[in-house]
Amino acid sequence: MVTVDRVQTGLRVERNVLKVLKALAEYLDVSLGDLVEGIALHAFEGKAPFSAETLAKIEQLKDIYGLTLTAADAHTLDDR
């Protein structure tokens with residue numbers, strides 16, 4: 001186990017992305033913060049954070065919550 005110092009932060013996230021992240025965290029039985037940390041740490045090392053099984057679940061959750069955004073959209077989003 002590694003001991004860390006966590007801080008509370010306000011983070012703005014697109015509504016449907018957040019819905020999918022929260023549902024995925026629930027599915028994986030981890031906190032939303034732990035999920036985001038894990039995704040970030042994997043990305044920092046250029047590693048994929050999810051198994052094929054988890055990616056299939058993510059696709060289901062995207063359909064359920066109407067998430068149509070893709071990685072190509074990441075730098076083109078504009079607030080209402």
# chains A, B, ... in the order shown; residues from 1 in each chain; ligands from 1
>>> select_by_dssp(residues="region 21-64 of chain A", states="helix (DSSP H, G or I)", output="PyMOL selection string")
chain A and resi 21-28+32-44+52-64
>>> write_last_selection(atoms="N, CA, C and O atoms", output="CSV table (one decimal), in the first residue's frame")
chain,number,residue,atom,x,y,z
A,21,LEU,N,-18.9,7.8,-15.9
A,21,LEU,CA,-17.8,7.6,-14.9
A,21,LEU,C,-18.4,7.1,-13.6
A,21,LEU,O,-17.9,6.2,-13.0
A,22,LYS,N,-19.5,7.8,-13.2
A,22,LYS,CA,-20.1,7.4,-11.9
A,22,LYS,C,-20.7,6.0,-12.0
A,22,LYS,O,-20.5,5.2,-11.0
A,23,ALA,N,-21.3,5.6,-13.1
A,23,ALA,CA,-21.9,4.3,-13.2
A,23,ALA,C,-20.7,3.3,-13.3
A,23,ALA,O,-20.9,2.2,-12.7
A,24,LEU,N,-19.7,3.6,-14.0
A,24,LEU,CA,-18.5,2.7,-14.1
A,24,LEU,C,-17.9,2.5,-12.7
A,24,LEU,O,-17.5,1.3,-12.3
A,25,ALA,N,-17.7,3.5,-12.0
A,25,ALA,CA,-17.2,3.4,-10.6
A,25,ALA,C,-18.0,2.5,-9.8
A,25,ALA,O,-17.5,1.6,-9.0
A,26,GLU,N,-19.3,2.7,-9.9
A,26,GLU,CA,-20.3,1.8,-9.1
A,26,GLU,C,-20.1,0.3,-9.6
A,26,GLU,O,-20.0,-0.6,-8.7
A,27,TYR,N,-20.0,0.1,-10.9
A,27,TYR,CA,-19.9,-1.2,-11.4
A,27,TYR,C,-18.6,-1.9,-10.9
A,27,TYR,O,-18.5,-3.1,-10.6
A,28,LEU,N,-17.5,-1.1,-10.9
A,28,LEU,CA,-16.2,-1.6,-10.4
A,28,LEU,C,-16.0,-1.6,-8.9
A,28,LEU,O,-15.0,-2.1,-8.4
A,32,LEU,N,-15.4,7.3,-7.2
A,32,LEU,CA,-15.2,8.1,-8.5
A,32,LEU,C,-13.8,8.6,-8.5
A,32,LEU,O,-13.1,8.6,-9.5
A,33,GLY,N,-13.3,9.1,-7.4
A,33,GLY,CA,-12.0,9.6,-7.3
A,33,GLY,C,-10.9,8.6,-7.6
A,33,GLY,O,-10.0,8.8,-8.3
A,34,ASP,N,-11.1,7.4,-7.0
A,34,ASP,CA,-10.2,6.3,-7.3
A,34,ASP,C,-10.2,5.9,-8.8
A,34,ASP,O,-9.1,5.6,-9.4
A,35,LEU,N,-11.4,5.9,-9.4
A,35,LEU,CA,-11.4,5.6,-10.8
A,35,LEU,C,-10.7,6.6,-11.6
A,35,LEU,O,-9.9,6.3,-12.5
A,36,VAL,N,-10.9,7.9,-11.4
A,36,VAL,CA,-10.2,9.0,-12.1
A,36,VAL,C,-8.7,8.9,-11.9
A,36,VAL,O,-7.9,9.1,-12.9
A,37,GLU,N,-8.3,8.7,-10.7
A,37,GLU,CA,-6.9,8.5,-10.4
A,37,GLU,C,-6.3,7.4,-11.2
A,37,GLU,O,-5.2,7.5,-11.8
A,38,GLY,N,-7.0,6.3,-11.2
A,38,GLY,CA,-6.5,5.1,-12.0
A,38,GLY,C,-6.4,5.4,-13.5
A,38,GLY,O,-5.4,5.0,-14.1
A,39,ILE,N,-7.4,6.0,-14.0
A,39,ILE,CA,-7.3,6.4,-15.4
A,39,ILE,C,-6.2,7.3,-15.7
A,39,ILE,O,-5.4,7.1,-16.7
A,40,ALA,N,-6.0,8.3,-14.9
A,40,ALA,CA,-4.9,9.3,-15.1
A,40,ALA,C,-3.5,8.6,-15.0
A,40,ALA,O,-2.6,8.8,-15.8
A,41,LEU,N,-3.3,7.8,-14.0
A,41,LEU,CA,-2.0,7.1,-13.8
A,41,LEU,C,-1.7,6.2,-15.0
A,41,LEU,O,-0.6,6.2,-15.4
A,42,HIS,N,-2.7,5.5,-15.5
A,42,HIS,CA,-2.5,4.7,-16.6
A,42,HIS,C,-2.1,5.5,-17.9
A,42,HIS,O,-1.2,5.2,-18.6
A,43,ALA,N,-2.9,6.6,-18.1
A,43,ALA,CA,-2.6,7.5,-19.2
A,43,ALA,C,-1.2,8.1,-19.1
A,43,ALA,O,-0.6,8.3,-20.2
A,44,PHE,N,-0.8,8.5,-17.9
A,44,PHE,CA,0.5,9.1,-17.8
A,44,PHE,C,1.6,8.2,-18.2
A,44,PHE,O,2.7,8.6,-18.6
A,52,ALA,N,-10.8,-5.7,-21.8
A,52,ALA,CA,-11.8,-5.8,-22.8
A,52,ALA,C,-13.2,-5.9,-22.2
A,52,ALA,O,-14.2,-5.3,-22.8
A,53,GLU,N,-13.4,-6.6,-21.1
A,53,GLU,CA,-14.7,-6.8,-20.4
A,53,GLU,C,-15.2,-5.4,-19.9
A,53,GLU,O,-16.3,-5.1,-20.1
A,54,THR,N,-14.3,-4.6,-19.3
A,54,THR,CA,-14.7,-3.3,-18.8
A,54,THR,C,-15.0,-2.4,-20.0
A,54,THR,O,-16.0,-1.6,-19.9
A,55,LEU,N,-14.3,-2.5,-21.1
A,55,LEU,CA,-14.6,-1.6,-22.2
A,55,LEU,C,-16.0,-2.0,-22.8
A,55,LEU,O,-16.7,-1.0,-23.2
A,56,ALA,N,-16.3,-3.2,-22.8
A,56,ALA,CA,-17.7,-3.6,-23.2
A,56,ALA,C,-18.7,-3.0,-22.3
A,56,ALA,O,-19.8,-2.5,-22.8
A,57,LYS,N,-18.5,-3.0,-21.0
A,57,LYS,CA,-19.4,-2.4,-20.1
A,57,LYS,C,-19.5,-0.9,-20.3
A,57,LYS,O,-20.6,-0.3,-20.2
A,58,ILE,N,-18.4,-0.3,-20.6
A,58,ILE,CA,-18.4,1.2,-20.9
A,58,ILE,C,-19.3,1.5,-22.1
A,58,ILE,O,-20.0,2.4,-22.1
A,59,GLU,N,-19.2,0.6,-23.1
A,59,GLU,CA,-20.0,0.8,-24.3
A,59,GLU,C,-21.5,0.8,-23.9
A,59,GLU,O,-22.3,1.6,-24.4
A,60,GLN,N,-21.9,-0.2,-23.1
A,60,GLN,CA,-23.2,-0.3,-22.6
A,60,GLN,C,-23.7,1.0,-21.9
A,60,GLN,O,-24.8,1.5,-22.1
A,61,LEU,N,-22.8,1.4,-21.0
A,61,LEU,CA,-23.1,2.6,-20.2
A,61,LEU,C,-23.2,3.9,-21.1
A,61,LEU,O,-24.1,4.7,-20.8
A,62,LYS,N,-22.4,4.0,-22.1
A,62,LYS,CA,-22.4,5.1,-23.0
A,62,LYS,C,-23.8,5.1,-23.7
A,62,LYS,O,-24.4,6.2,-23.9
A,63,ASP,N,-24.3,3.9,-24.1
A,63,ASP,CA,-25.6,3.8,-24.8
A,63,ASP,C,-26.7,4.2,-23.8
A,63,ASP,O,-27.6,5.0,-24.1
A,64,ILE,N,-26.6,3.7,-22.6
A,64,ILE,CA,-27.6,4.0,-21.6
A,64,ILE,C,-27.7,5.5,-21.3
A,64,ILE,O,-28.8,6.1,-21.2
>>> closest_residue(among="A:Val4, A:Gly46, A:Val20, A:Glu14", to="Asp73 (chain A)", atoms="only C-alpha atoms")
A:Glu14
>>> atom_distance(atom1="CA of Arg15 (chain A)", atom2="CA of Tyr65 (chain A)")
9.5 Å
